[in-house]
file my_file-v2.pdb (PDB, C-alpha atoms, pLDDT in the B column)
ATOM      1  CA  MET A 212      18.474 -23.243  45.193  1.00 92.00           C
ATOM      2  CA  LYS A 213      15.513 -24.341  47.280  1.00 95.00           C
ATOM      3  CA  ILE A 214      12.464 -22.188  48.049  1.00 97.00           C
ATOM      4  CA  ALA A 215       9.952 -23.344  50.679  1.00 97.00           C
ATOM      5  CA  LEU A 216       6.288 -22.290  50.584  1.00 97.00           C
ATOM      6  CA  LEU A 217       4.158 -21.252  53.555  1.00 95.00           C
ATOM      7  CA  GLY A 218       0.578 -20.189  52.965  1.00 93.00           C
ATOM      8  CA  ILE A 219       1.153 -19.833  49.219  1.00 93.00           C
ATOM      9  CA  THR A 220      -1.333 -21.209  46.709  1.00 88.00           C
ATOM     10  CA  GLY A 221      -0.946 -21.300  42.947  1.00 88.00           C
ATOM     11  CA  ILE A 222       2.626 -22.606  42.938  1.00 95.00           C
ATOM     12  CA  LYS A 223       3.191 -26.348  42.921  1.00 96.00           C
ATOM     13  CA  THR A 224       6.160 -28.053  44.556  1.00 97.00           C
ATOM     14  CA  GLY A 225       8.889 -29.417  42.269  1.00 97.00           C
ATOM     15  CA  LYS A 226      11.342 -27.896  39.812  1.00 97.00           C
ATOM     16  CA  HIS A 227      10.415 -24.566  38.232  1.00 98.00           C
ATOM     17  CA  ASN A 228      11.993 -22.608  35.402  1.00 98.00           C
ATOM     18  CA  LEU A 229      12.821 -19.020  36.295  1.00 97.00           C
ATOM     19  CA  LYS A 230      11.105 -17.285  33.414  1.00 96.00           C
ATOM     20  CA  ASP A 231      13.254 -14.184  33.237  1.00 97.00           C
ATOM     21  CA  PRO A 232      12.346 -12.038  30.203  1.00 97.00           C
ATOM     22  CA  ARG A 233      16.038 -11.156  29.811  1.00 97.00           C
ATOM     23  CA  LEU A 234      16.761 -14.708  28.671  1.00 98.00           C
ATOM     24  CA  ASP A 235      13.996 -14.402  26.068  1.00 97.00           C
ATOM     25  CA  GLU A 236      15.586 -11.174  24.863  1.00 97.00           C
ATOM     26  CA  ALA A 237      19.022 -12.795  24.669  1.00 97.00           C
ATOM     27  CA  HIS A 238      17.545 -15.717  22.729  1.00 97.00           C
ATOM     28  CA  ASN A 239      16.131 -13.286  20.181  1.00 96.00           C
ATOM     29  CA  LEU A 240      19.547 -11.659  19.751  1.00 97.00           C
ATOM     30  CA  VAL A 241      21.747 -14.767  19.548  1.00 96.00           C
ATOM     31  CA  GLU A 242      20.857 -17.847  17.528  1.00 93.00           C
ATOM     32  CA  ALA A 243      21.057 -21.149  19.429  1.00 95.00           C
ATOM     33  CA  ASP A 244      19.460 -24.585  19.223  1.00 96.00           C
ATOM     34  CA  LYS A 245      17.560 -24.141  22.490  1.00 96.00           C
ATOM     35  CA  LYS A 246      16.899 -21.870  25.435  1.00 97.00           C
ATOM     36  CA  THR A 247      17.586 -23.160  28.978  1.00 98.00           C
ATOM     37  CA  HIS A 248      16.231 -21.313  31.992  1.00 98.00           C
ATOM     38  CA  ALA A 249      17.768 -21.343  35.449  1.00 97.00           C
ATOM     39  CA  GLN A 250      15.747 -23.550  37.793  1.00 97.00           C
ATOM     40  CA  VAL A 251      14.734 -23.555  41.446  1.00 97.00           C
ATOM     41  CA  ASP A 252      13.380 -26.357  43.628  1.00 97.00           C
ATOM     42  CA  VAL A 253      10.099 -25.442  45.291  1.00 98.00           C
ATOM     43  CA  VAL A 254       9.371 -27.440  48.451  1.00 97.00           C
ATOM     44  CA  GLY A 255       6.621 -27.604  51.046  1.00 96.00           C
ATOM     45  CA  GLU A 256       6.222 -26.355  54.595  1.00 93.00           C
ATOM     46  CA  ASP A 257       7.899 -29.480  55.972  1.00 93.00           C
ATOM     47  CA  GLN A 258      11.235 -28.270  54.571  1.00 95.00           C
ATOM     48  CA  LEU A 259      11.189 -24.660  55.808  1.00 93.00           C
ATOM     49  CA  LEU A 260      14.414 -24.983  57.777  1.00 90.00           C
ATOM     50  CA  ASP A 261      16.256 -26.720  54.930  1.00 92.00           C
ATOM     51  CA  ALA A 262      15.393 -24.137  52.277  1.00 95.00           C
ATOM     52  CA  ASP A 263      17.533 -21.251  51.035  1.00 94.00           C
ATOM     53  CA  ALA A 264      14.528 -18.927  51.240  1.00 95.00           C
ATOM     54  CA  ILE A 265      10.945 -19.000  52.479  1.00 96.00           C
ATOM     55  CA  LEU A 266       8.114 -17.641  50.354  1.00 96.00           C
ATOM     56  CA  VAL A 267       5.141 -16.662  52.503  1.00 95.00           C
ATOM     57  CA  SER A 268       1.707 -15.102  52.359  1.00 93.00           C
ATOM     58  CA  MET A 269       0.921 -12.223  54.705  1.00 90.00           C
ATOM     59  CA  GLU A 270      -0.521 -14.757  57.150  1.00 91.00           C
ATOM     60  CA  GLY A 271       2.553 -16.942  56.721  1.00 92.00           C
ATOM     61  CA  ARG A 272       4.755 -13.980  57.587  1.00 94.00           C
ATOM     62  CA  ALA A 273       3.131 -13.787  61.002  1.00 95.00           C
ATOM     63  CA  ASP A 274       3.481 -17.553  61.421  1.00 95.00           C
ATOM     64  CA  VAL A 275       7.278 -17.632  60.945  1.00 95.00           C
ATOM     65  CA  ILE A 276       7.719 -14.705  63.317  1.00 96.00           C
ATOM     66  CA  LEU A 277       5.580 -16.462  65.920  1.00 96.00           C
ATOM     67  CA  LYS A 278       7.497 -19.735  65.515  1.00 95.00           C
ATOM     68  CA  ASP A 279      10.788 -17.954  66.176  1.00 96.00           C
ATOM     69  CA  LEU A 280       9.357 -15.946  69.048  1.00 97.00           C
ATOM     70  CA  GLU A 281       8.070 -19.099  70.755  1.00 97.00           C
ATOM     71  CA  PHE A 282      11.500 -20.710  70.401  1.00 96.00           C
ATOM     72  CA  VAL A 283      13.227 -17.650  71.862  1.00 97.00           C
ATOM     73  CA  GLU A 284      10.894 -17.635  74.864  1.00 96.00           C
ATOM     74  CA  THR A 285      11.575 -21.342  75.419  1.00 96.00           C
ATOM     75  CA  ARG A 286      15.340 -20.835  75.320  1.00 96.00           C
ATOM     76  CA  LEU A 287      15.201 -17.849  77.649  1.00 95.00           C
ATOM     77  CA  GLY A 288      13.231 -19.965  80.094  1.00 95.00           C
ATOM     78  CA  ARG A 289      16.118 -22.450  80.271  1.00 94.00           C
ATOM     79  CA  ASP A 290      18.601 -19.993  81.763  1.00 92.00           C
ATOM     80  CA  PRO A 291      21.091 -19.784  78.851  1.00 93.00           C
ATOM     81  CA  GLN A 292      24.634 -18.465  79.169  1.00 94.00           C
ATOM     82  CA  PRO A 293      24.988 -14.645  79.322  1.00 95.00           C
ATOM     83  CA  ALA A 294      26.099 -14.217  75.689  1.00 95.00           C
ATOM     84  CA  GLU A 295      23.245 -16.334  74.373  1.00 96.00           C
ATOM     85  CA  ARG A 296      20.727 -14.620  76.652  1.00 96.00           C
ATOM     86  CA  ALA A 297      21.799 -11.182  75.431  1.00 96.00           C
ATOM     87  CA  ALA A 298      21.493 -12.266  71.800  1.00 96.00           C
ATOM     88  CA  LEU A 299      18.107 -13.903  72.370  1.00 97.00           C
ATOM     89  CA  GLU A 300      16.768 -10.774  74.034  1.00 96.00           C
ATOM     90  CA  LYS A 301      17.861  -8.698  71.029  1.00 96.00           C
ATOM     91  CA  ILE A 302      16.189 -11.215  68.702  1.00 97.00           C
ATOM     92  CA  ARG A 303      13.009 -11.118  70.797  1.00 96.00           C
ATOM     93  CA  GLY A 304      12.975  -7.341  70.424  1.00 96.00           C
ATOM     94  CA  LEU A 305      13.251  -7.633  66.639  1.00 96.00           C
ATOM     95  CA  LEU A 306      10.523 -10.235  66.384  1.00 96.00           C
ATOM     96  CA  GLU A 307       8.172  -8.261  68.624  1.00 96.00           C
ATOM     97  CA  GLN A 308       8.596  -5.399  66.145  1.00 95.00           C
ATOM     98  CA  GLU A 309       7.689  -7.892  63.374  1.00 94.00           C
ATOM     99  CA  LYS A 310      11.201  -7.751  61.932  1.00 94.00           C
ATOM    100  CA  PHE A 311      13.174 -10.712  60.587  1.00 95.00           C
ATOM    101  CA  ILE A 312      16.582 -11.815  61.879  1.00 95.00           C
ATOM    102  CA  PHE A 313      17.934 -11.905  58.305  1.00 93.00           C
ATOM    103  CA  ASN A 314      19.582  -8.595  57.387  1.00 87.00           C
ATOM    104  CA  SER A 315      18.623  -7.173  60.792  1.00 90.00           C
ATOM    105  CA  GLY A 316      22.092  -5.834  61.530  1.00 89.00           C
ATOM    106  CA  LEU A 317      22.704  -8.111  64.510  1.00 92.00           C
ATOM    107  CA  ALA A 318      26.364  -8.088  65.530  1.00 93.00           C
ATOM    108  CA  PRO A 319      28.501 -11.099  64.512  1.00 93.00           C
ATOM    109  CA  ALA A 320      29.012 -11.893  68.218  1.00 94.00           C
ATOM    110  CA  ASP A 321      25.241 -12.137  68.718  1.00 95.00           C
ATOM    111  CA  LEU A 322      24.810 -14.377  65.700  1.00 93.00           C
ATOM    112  CA  SER A 323      27.668 -16.554  66.893  1.00 94.00           C
ATOM    113  CA  ALA A 324      26.041 -16.907  70.329  1.00 95.00           C
ATOM    114  CA  VAL A 325      22.912 -18.443  68.774  1.00 95.00           C
ATOM    115  CA  ALA A 326      24.596 -20.232  65.865  1.00 93.00           C
ATOM    116  CA  ALA A 327      23.531 -23.645  67.211  1.00 93.00           C
ATOM    117  CA  HIS A 328      19.851 -22.760  66.744  1.00 94.00           C
ATOM    118  CA  ASN A 329      17.759 -22.765  63.578  1.00 93.00           C
ATOM    119  CA  PHE A 330      15.550 -19.715  63.194  1.00 95.00           C
ATOM    120  CA  PHE A 331      13.030 -19.449  60.377  1.00 95.00           C
ATOM    121  CA  THR A 332      13.549 -15.715  59.935  1.00 95.00           C
ATOM    122  CA  ALA A 333      17.339 -16.009  59.898  1.00 94.00           C
ATOM    123  CA  LYS A 334      17.031 -16.862  56.202  1.00 93.00           C
ATOM    124  CA  PRO A 335      15.414 -14.697  53.515  1.00 94.00           C
ATOM    125  CA  VAL A 336      11.640 -14.528  54.009  1.00 95.00           C
ATOM    126  CA  VAL A 337       9.889 -13.188  50.921  1.00 95.00           C
ATOM    127  CA  VAL A 338       6.321 -11.945  51.374  1.00 94.00           C
ATOM    128  CA  ALA A 339       4.024 -12.424  48.382  1.00 94.00           C
ATOM    129  CA  GLU A 340       1.998  -9.434  47.235  1.00 90.00           C
ATOM    130  CA  PRO A 341      -1.729  -9.933  46.568  1.00 86.00           C
ATOM    131  CA  MET A 342      -2.353 -11.218  43.026  1.00 88.00           C
ATOM    132  CA  GLU A 343       1.388 -11.352  42.260  1.00 91.00           C
ATOM    133  CA  ASP A 344       2.186 -13.506  39.230  1.00 93.00           C
ATOM    134  CA  PRO A 345       3.796 -16.845  40.245  1.00 95.00           C
ATOM    135  CA  ASP A 346       6.672 -16.485  37.768  1.00 95.00           C
ATOM    136  CA  ALA A 347       7.441 -12.950  38.938  1.00 95.00           C
ATOM    137  CA  LEU A 348       7.154 -14.091  42.554  1.00 95.00           C
ATOM    138  CA  LEU A 349       9.713 -16.863  42.100  1.00 96.00           C
ATOM    139  CA  LEU A 350      12.074 -14.467  40.335  1.00 96.00           C
ATOM    140  CA  ARG A 351      11.770 -12.012  43.221  1.00 95.00           C
ATOM    141  CA  ALA A 352      12.354 -14.734  45.819  1.00 95.00           C
ATOM    142  CA  PHE A 353      15.424 -15.882  43.884  1.00 96.00           C
ATOM    143  CA  ALA A 354      16.873 -12.351  43.846  1.00 96.00           C
ATOM    144  CA  GLU A 355      15.978 -11.477  47.444  1.00 93.00           C
ATOM    145  CA  ALA A 356      17.627 -14.706  48.582  1.00 92.00           C
ATOM    146  CA  GLY A 357      20.905 -13.404  47.177  1.00 94.00           C
ATOM    147  CA  TYR A 358      21.097 -15.206  43.838  1.00 97.00           C
ATOM    148  CA  ILE A 359      21.826 -13.940  40.336  1.00 98.00           C
ATOM    149  CA  CYS A 360      22.466 -15.568  36.935  1.00 98.00           C
ATOM    150  CA  PHE A 361      25.120 -15.338  34.269  1.00 98.00           C
ATOM    151  CA  LEU A 362      24.569 -16.167  30.594  1.00 98.00           C
ATOM    152  CA  THR A 363      26.303 -18.338  28.037  1.00 97.00           C
ATOM    153  CA  VAL A 364      25.046 -17.928  24.500  1.00 96.00           C
ATOM    154  CA  GLY A 365      25.325 -19.385  21.024  1.00 93.00           C
ATOM    155  CA  GLY A 366      25.732 -22.849  19.529  1.00 91.00           C
ATOM    156  CA  LYS A 367      23.740 -25.558  21.288  1.00 93.00           C
ATOM    157  CA  GLU A 368      21.998 -23.328  23.824  1.00 96.00           C
ATOM    158  CA  ASN A 369      21.442 -19.932  25.301  1.00 98.00           C
ATOM    159  CA  ARG A 370      21.488 -20.622  29.022  1.00 98.00           C
ATOM    160  CA  ALA A 371      21.057 -18.823  32.349  1.00 98.00           C
ATOM    161  CA  TRP A 372      23.232 -20.251  35.131  1.00 98.00           C
ATOM    162  CA  PRO A 373      22.174 -19.569  38.740  1.00 97.00           C
ATOM    163  CA  ILE A 374      24.895 -18.524  41.179  1.00 98.00           C
ATOM    164  CA  ARG A 375      25.080 -16.842  44.568  1.00 96.00           C
ATOM    165  CA  LYS A 376      25.574 -13.097  44.385  1.00 97.00           C
ATOM    166  CA  GLY A 377      29.167 -12.139  45.131  1.00 97.00           C
ATOM    167  CA  ILE A 378      30.956 -15.191  43.742  1.00 97.00           C
ATOM    168  CA  THR A 379      33.974 -14.842  41.484  1.00 98.00           C
ATOM    169  CA  ALA A 380      34.418 -15.723  37.826  1.00 98.00           C
ATOM    170  CA  TRP A 381      36.579 -18.668  38.896  1.00 97.00           C
ATOM    171  CA  GLU A 382      33.777 -20.022  41.096  1.00 97.00           C
ATOM    172  CA  ALA A 383      31.175 -19.372  38.404  1.00 98.00           C
ATOM    173  CA  GLY A 384      33.168 -21.400  35.903  1.00 97.00           C
ATOM    174  CA  GLY A 385      32.986 -24.349  38.267  1.00 96.00           C
ATOM    175  CA  THR A 386      29.189 -24.319  38.112  1.00 96.00           C
ATOM    176  CA  ILE A 387      29.467 -25.304  34.446  1.00 96.00           C
ATOM    177  CA  HIS A 388      32.276 -27.844  34.845  1.00 95.00           C
ATOM    178  CA  THR A 389      35.131 -28.420  37.271  1.00 94.00           C
ATOM    179  CA  ASP A 390      37.545 -28.509  34.312  1.00 95.00           C
ATOM    180  CA  ILE A 391      36.812 -24.824  33.674  1.00 96.00           C
ATOM    181  CA  GLN A 392      37.698 -23.978  37.249  1.00 95.00           C
ATOM    182  CA  LYS A 393      40.854 -26.091  37.243  1.00 95.00           C
ATOM    183  CA  GLY A 394      42.162 -24.665  33.980  1.00 96.00           C
ATOM    184  CA  PHE A 395      40.781 -21.130  34.318  1.00 97.00           C
ATOM    185  CA  ILE A 396      42.677 -18.488  32.306  1.00 97.00           C
ATOM    186  CA  ARG A 397      40.309 -15.561  31.792  1.00 97.00           C
ATOM    187  CA  ALA A 398      36.604 -14.778  31.576  1.00 98.00           C
ATOM    188  CA  GLU A 399      35.324 -12.864  28.580  1.00 98.00           C
ATOM    189  CA  ILE A 400      32.570 -10.621  29.960  1.00 98.00           C
ATOM    190  CA  ILE A 401      29.983  -8.437  28.249  1.00 98.00           C
ATOM    191  CA  SER A 402      27.541  -6.703  30.585  1.00 98.00           C
ATOM    192  CA  TYR A 403      23.919  -7.458  29.805  1.00 98.00           C
ATOM    193  CA  ALA A 404      23.136  -3.781  29.221  1.00 98.00           C
ATOM    194  CA  ASP A 405      25.967  -3.478  26.675  1.00 98.00           C
ATOM    195  CA  PHE A 406      24.898  -6.727  24.988  1.00 98.00           C
ATOM    196  CA  VAL A 407      21.330  -5.499  24.481  1.00 97.00           C
ATOM    197  CA  ALA A 408      22.328  -1.960  23.526  1.00 97.00           C
ATOM    198  CA  ALA A 409      24.679  -3.267  20.839  1.00 97.00           C
ATOM    199  CA  GLY A 410      22.058  -5.658  19.464  1.00 97.00           C
ATOM    200  CA  GLY A 411      23.922  -8.915  20.089  1.00 96.00           C
ATOM    201  CA  GLU A 412      27.175 -10.539  21.123  1.00 96.00           C
ATOM    202  CA  THR A 413      29.074  -9.968  17.879  1.00 96.00           C
ATOM    203  CA  GLN A 414      27.993  -6.339  17.728  1.00 97.00           C
ATOM    204  CA  ALA A 415      29.018  -5.787  21.367  1.00 97.00           C
ATOM    205  CA  LYS A 416      32.488  -7.178  20.613  1.00 97.00           C
ATOM    206  CA  ARG A 417      32.815  -4.885  17.604  1.00 97.00           C
ATOM    207  CA  ALA A 418      31.901  -1.974  19.867  1.00 97.00           C
ATOM    208  CA  ASN A 419      34.732  -2.994  22.252  1.00 97.00           C
ATOM    209  CA  LYS A 420      32.301  -3.869  25.031  1.00 97.00           C
ATOM    210  CA  MET A 421      33.904  -7.219  25.850  1.00 98.00           C
ATOM    211  CA  ARG A 422      36.288  -7.262  28.829  1.00 97.00           C
ATOM    212  CA  LEU A 423      38.885  -9.834  29.852  1.00 97.00           C
ATOM    213  CA  GLU A 424      38.529 -10.486  33.573  1.00 98.00           C
ATOM    214  CA  THR A 425      40.668 -12.499  36.006  1.00 97.00           C
ATOM    215  CA  LYS A 426      39.498 -15.223  38.351  1.00 95.00           C
ATOM    216  CA  GLN A 427      38.930 -12.639  41.129  1.00 97.00           C
ATOM    217  CA  TYR A 428      36.285 -10.767  39.118  1.00 98.00           C
ATOM    218  CA  VAL A 429      32.955 -10.642  40.983  1.00 98.00           C
ATOM    219  CA  MET A 430      30.159 -11.739  38.671  1.00 98.00           C
ATOM    220  CA  GLN A 431      27.318  -9.318  37.970  1.00 98.00           C
ATOM    221  CA  ASP A 432      23.722 -10.212  37.240  1.00 98.00           C
ATOM    222  CA  TYR A 433      23.211 -11.507  33.708  1.00 98.00           C
ATOM    223  CA  ASP A 434      26.824 -11.019  32.623  1.00 98.00           C
ATOM    224  CA  LEU A 435      27.309 -12.559  29.198  1.00 98.00           C
ATOM    225  CA  THR A 436      30.241 -14.878  29.867  1.00 98.00           C
ATOM    226  CA  ASN A 437      32.688 -17.052  27.970  1.00 97.00           C
ATOM    227  CA  PHE A 438      35.410 -18.835  29.914  1.00 97.00           C
ATOM    228  CA  ARG A 439      38.902 -19.352  28.567  1.00 96.00           C
ATOM    229  CA  PHE A 440      40.567 -22.362  30.168  1.00 96.00           C
ATOM    230  CA  ASN A 441      43.247 -24.973  29.609  1.00 94.00           C
ATOM    231  CA  LYS A 442      41.737 -28.348  28.768  1.00 84.00           C
TER     232      LYS A 442
END

call {"tool": "encode", "arguments": {"input": "my_file-v2.pdb", "output": "structure tokens"}}
result
Amino acid sequence: MKIALLGITGIKTGKHNLKDPRLDEAHNLVEADKKTHAQVDVVGEDQLLDADAILVSMEGRADVILKDLEFVETRLGRDPQPAERAALEKIRGLLEQEKFIFNSGLAPADLSAVAAHNFFTAKPVVVAEPMEDPDALLLRAFAEAGYICFLTVGGKENRAWPIRKGITAWEAGGTIHTDIQKGFIRAEIISYADFVAAGGETQAKRANKMRLETKQYVMQDYDLTNFRFNK
């Protein structure tokens, strides 16, 4: 995923590891040759509209609201069609209350009426807290943008795989390799809480904490996962 910065100092652009302490804990419980973090791409202000989420300072929060408000006023001044005008007036009301379009509860018909436009606050806007640690801040932006990870452990690496929240086991398998998706049979799942409580993968299996899930299973954050598939 891609996170754009606005008014944020202390985080450089480029690829960043998501330093989630849960991966460190998993690495202590399961022996593997290496540990591989999930990664995000951090980009500058010039890519705000292309990013999956925007990470802003308190001043940057006001800036993105103002940018959207100026655009709304411009569109309203051009005598849009009734459906678009109604949606824009609702959006103006939200912005004037310093609310974002994202997760605002706007009706699908309103969103459809302005679908041709790019609004900054229509995507997740994450406001940095004063003195917040950069690693914790990126983790929070990742989560608030609607992303989670699943884990594969043992052998060559213990690895966190980033996925969008709400995707299925079948879709998650495809993030590793398309062959897994094509030949998907079942996903062996151990919840992260059960994995830690048992003291490792083998112990969790002995405690009957492993479940066999179908391709429709909706992945949960930090599920320990092994895919069965036809090669």

call {"tool": "closest_residue", "arguments": {"input": "my_file-v2.pdb", "among": "A:Pro373, A:Gln292, A:Asn329, A:Gln258", "to": "Leu350 of chain A", "atoms": "all atoms listed in the file"}}
result
A:Pro373

call {"tool": "resolve_selection", "arguments": {"input": "my_file-v2.pdb", "expression": "the PyMOL selection byres ((chain A and resi 415) around 12)", "output": "mmCIF file with C-alpha atoms, in the coordinates of the input"}}
result
data_model
loop_
_atom_site.group_PDB
_atom_site.id
_atom_site.type_symbol
_atom_site.label_atom_id
_atom_site.label_comp_id
_atom_site.auth_asym_id
_atom_site.auth_seq_id
_atom_site.Cartn_x
_atom_site.Cartn_y
_atom_site.Cartn_z
ATOM 1 C CA LEU A 240 19.547 -11.659 19.751
ATOM 2 C CA VAL A 241 21.747 -14.767 19.548
ATOM 3 C CA GLU A 399 35.324 -12.864 28.580
ATOM 4 C CA ILE A 400 32.570 -10.621 29.960
ATOM 5 C CA ILE A 401 29.983 -8.437 28.249
ATOM 6 C CA SER A 402 27.541 -6.703 30.585
ATOM 7 C CA TYR A 403 23.919 -7.458 29.805
ATOM 8 C CA ALA A 404 23.136 -3.781 29.221
ATOM 9 C CA ASP A 405 25.967 -3.478 26.675
ATOM 10 C CA PHE A 406 24.898 -6.727 24.988
ATOM 11 C CA VAL A 407 21.330 -5.499 24.481
ATOM 12 C CA ALA A 408 22.328 -1.960 23.526
ATOM 13 C CA ALA A 409 24.679 -3.267 20.839
ATOM 14 C CA GLY A 410 22.058 -5.658 19.464
ATOM 15 C CA GLY A 411 23.922 -8.915 20.089
ATOM 16 C CA GLU A 412 27.175 -10.539 21.123
ATOM 17 C CA THR A 413 29.074 -9.968 17.879
ATOM 18 C CA GLN A 414 27.993 -6.339 17.728
ATOM 19 C CA LYS A 416 32.488 -7.178 20.613
ATOM 20 C CA ARG A 417 32.815 -4.885 17.604
ATOM 21 C CA ALA A 418 31.901 -1.974 19.867
ATOM 22 C CA ASN A 419 34.732 -2.994 22.252
ATOM 23 C CA LYS A 420 32.301 -3.869 25.031
ATOM 24 C CA MET A 421 33.904 -7.219 25.850
ATOM 25 C CA ARG A 422 36.288 -7.262 28.829
ATOM 26 C CA LEU A 435 27.309 -12.559 29.198
#

call {"tool": "closest_residue", "arguments": {"input": "my_file-v2.pdb", "among": "A:Ser323, A:Gln250, A:Gln392, A:Thr379", "to": "Tyr428 of chain A", "atoms": "all atoms listed in the file"}}
result
A:Thr379

call {"tool": "resolve_selection", "arguments": {"input": "my_file-v2.pdb", "expression": "the PyMOL selection byres ((chain A and resi 398) around 7)", "output": "number ranges by chain"}}
result
A: 380, 397, 399-400, 423-425, 436-439

call {"tool": "closest_residue", "arguments": {"input": "my_file-v2.pdb", "among": "A:Lys376, A:Glu309, A:Leu322, A:Val253", "to": "Ala297 of chain A", "atoms": "only C-alpha atoms"}}
result
A:Leu322

call {"tool": "residues_around", "arguments": {"input": "my_file-v2.pdb", "residues": "Pro293 of chain A", "least_positions_apart": "6", "cutoff": "12 Å", "atoms": "all atoms listed in the file", "output": "PyMOL selection string"}}
result
chain A and resi 287+299-300+321+324-325

call {"tool": "resolve_selection", "arguments": {"input": "my_file-v2.pdb", "expression": "the PyMOL selection byres ((chain A and resi 278) around 12)", "output": "ChimeraX atom specification"}}
result
/A:259-260,271-277,279-285,303,306-307,311,329-333

call {"tool": "build_atoms", "arguments": {"input": "my_file-v2.pdb", "residues": "segment 311-323 of chain A", "atoms": "N, CA, C and O atoms", "output": "PDB file, in the coordinates of the input"}}
result
ATOM      1  N   PHE A 311      12.498  -9.429  60.761  1.00 95.00           N
ATOM      2  CA  PHE A 311      13.174 -10.712  60.587  1.00 95.00           C
ATOM      3  C   PHE A 311      14.614 -10.616  61.100  1.00 95.00           C
ATOM      4  O   PHE A 311      15.215  -9.537  61.132  1.00 95.00           O
ATOM      5  N   ILE A 312      15.183 -11.761  61.457  1.00 95.00           N
ATOM      6  CA  ILE A 312      16.582 -11.815  61.879  1.00 95.00           C
ATOM      7  C   ILE A 312      17.501 -11.545  60.684  1.00 95.00           C
ATOM      8  O   ILE A 312      18.506 -10.853  60.794  1.00 95.00           O
ATOM      9  N   PHE A 313      17.135 -12.072  59.528  1.00 93.00           N
ATOM     10  CA  PHE A 313      17.934 -11.905  58.305  1.00 93.00           C
ATOM     11  C   PHE A 313      18.055 -10.418  57.978  1.00 93.00           C
ATOM     12  O   PHE A 313      17.080  -9.680  57.945  1.00 93.00           O
ATOM     13  N   ASN A 314      19.293  -9.988  57.740  1.00 87.00           N
ATOM     14  CA  ASN A 314      19.582  -8.595  57.387  1.00 87.00           C
ATOM     15  C   ASN A 314      19.123  -7.601  58.454  1.00 87.00           C
ATOM     16  O   ASN A 314      18.792  -6.457  58.146  1.00 87.00           O
ATOM     17  N   SER A 315      19.091  -8.044  59.705  1.00 90.00           N
ATOM     18  CA  SER A 315      18.623  -7.173  60.792  1.00 90.00           C
ATOM     19  C   SER A 315      19.733  -6.290  61.350  1.00 90.00           C
ATOM     20  O   SER A 315      19.467  -5.371  62.127  1.00 90.00           O
ATOM     21  N   GLY A 316      20.985  -6.608  60.998  1.00 89.00           N
ATOM     22  CA  GLY A 316      22.092  -5.834  61.530  1.00 89.00           C
ATOM     23  C   GLY A 316      22.597  -6.323  62.868  1.00 89.00           C
ATOM     24  O   GLY A 316      23.366  -5.623  63.532  1.00 89.00           O
ATOM     25  N   LEU A 317      22.179  -7.541  63.268  1.00 92.00           N
ATOM     26  CA  LEU A 317      22.704  -8.111  64.510  1.00 92.00           C
ATOM     27  C   LEU A 317      24.220  -8.256  64.414  1.00 92.00           C
ATOM     28  O   LEU A 317      24.750  -8.612  63.356  1.00 92.00           O
ATOM     29  N   ALA A 318      24.906  -7.993  65.516  1.00 93.00           N
ATOM     30  CA  ALA A 318      26.364  -8.088  65.530  1.00 93.00           C
ATOM     31  C   ALA A 318      26.809  -9.528  65.337  1.00 93.00           C
ATOM     32  O   ALA A 318      26.113 -10.462  65.744  1.00 93.00           O
ATOM     33  N   PRO A 319      27.975  -9.740  64.693  1.00 93.00           N
ATOM     34  CA  PRO A 319      28.501 -11.099  64.512  1.00 93.00           C
ATOM     35  C   PRO A 319      28.582 -11.882  65.820  1.00 93.00           C
ATOM     36  O   PRO A 319      28.330 -13.091  65.843  1.00 93.00           O
ATOM     37  N   ALA A 320      28.916 -11.203  66.926  1.00 94.00           N
ATOM     38  CA  ALA A 320      29.012 -11.893  68.218  1.00 94.00           C
ATOM     39  C   ALA A 320      27.655 -12.426  68.659  1.00 94.00           C
ATOM     40  O   ALA A 320      27.558 -13.527  69.227  1.00 94.00           O
ATOM     41  N   ASP A 321      26.589 -11.676  68.369  1.00 95.00           N
ATOM     42  CA  ASP A 321      25.241 -12.137  68.718  1.00 95.00           C
ATOM     43  C   ASP A 321      24.847 -13.341  67.868  1.00 95.00           C
ATOM     44  O   ASP A 321      24.291 -14.319  68.370  1.00 95.00           O
ATOM     45  N   LEU A 322      25.133 -13.260  66.589  1.00 93.00           N
ATOM     46  CA  LEU A 322      24.810 -14.377  65.700  1.00 93.00           C
ATOM     47  C   LEU A 322      25.594 -15.617  66.080  1.00 93.00           C
ATOM     48  O   LEU A 322      25.073 -16.740  66.040  1.00 93.00           O
ATOM     49  N   SER A 323      26.843 -15.427  66.465  1.00 94.00           N
ATOM     50  CA  SER A 323      27.668 -16.554  66.893  1.00 94.00           C
ATOM     51  C   SER A 323      27.110 -17.200  68.153  1.00 94.00           C
ATOM     52  O   SER A 323      27.140 -18.423  68.303  1.00 94.00           O
TER      53      SER A 323
END
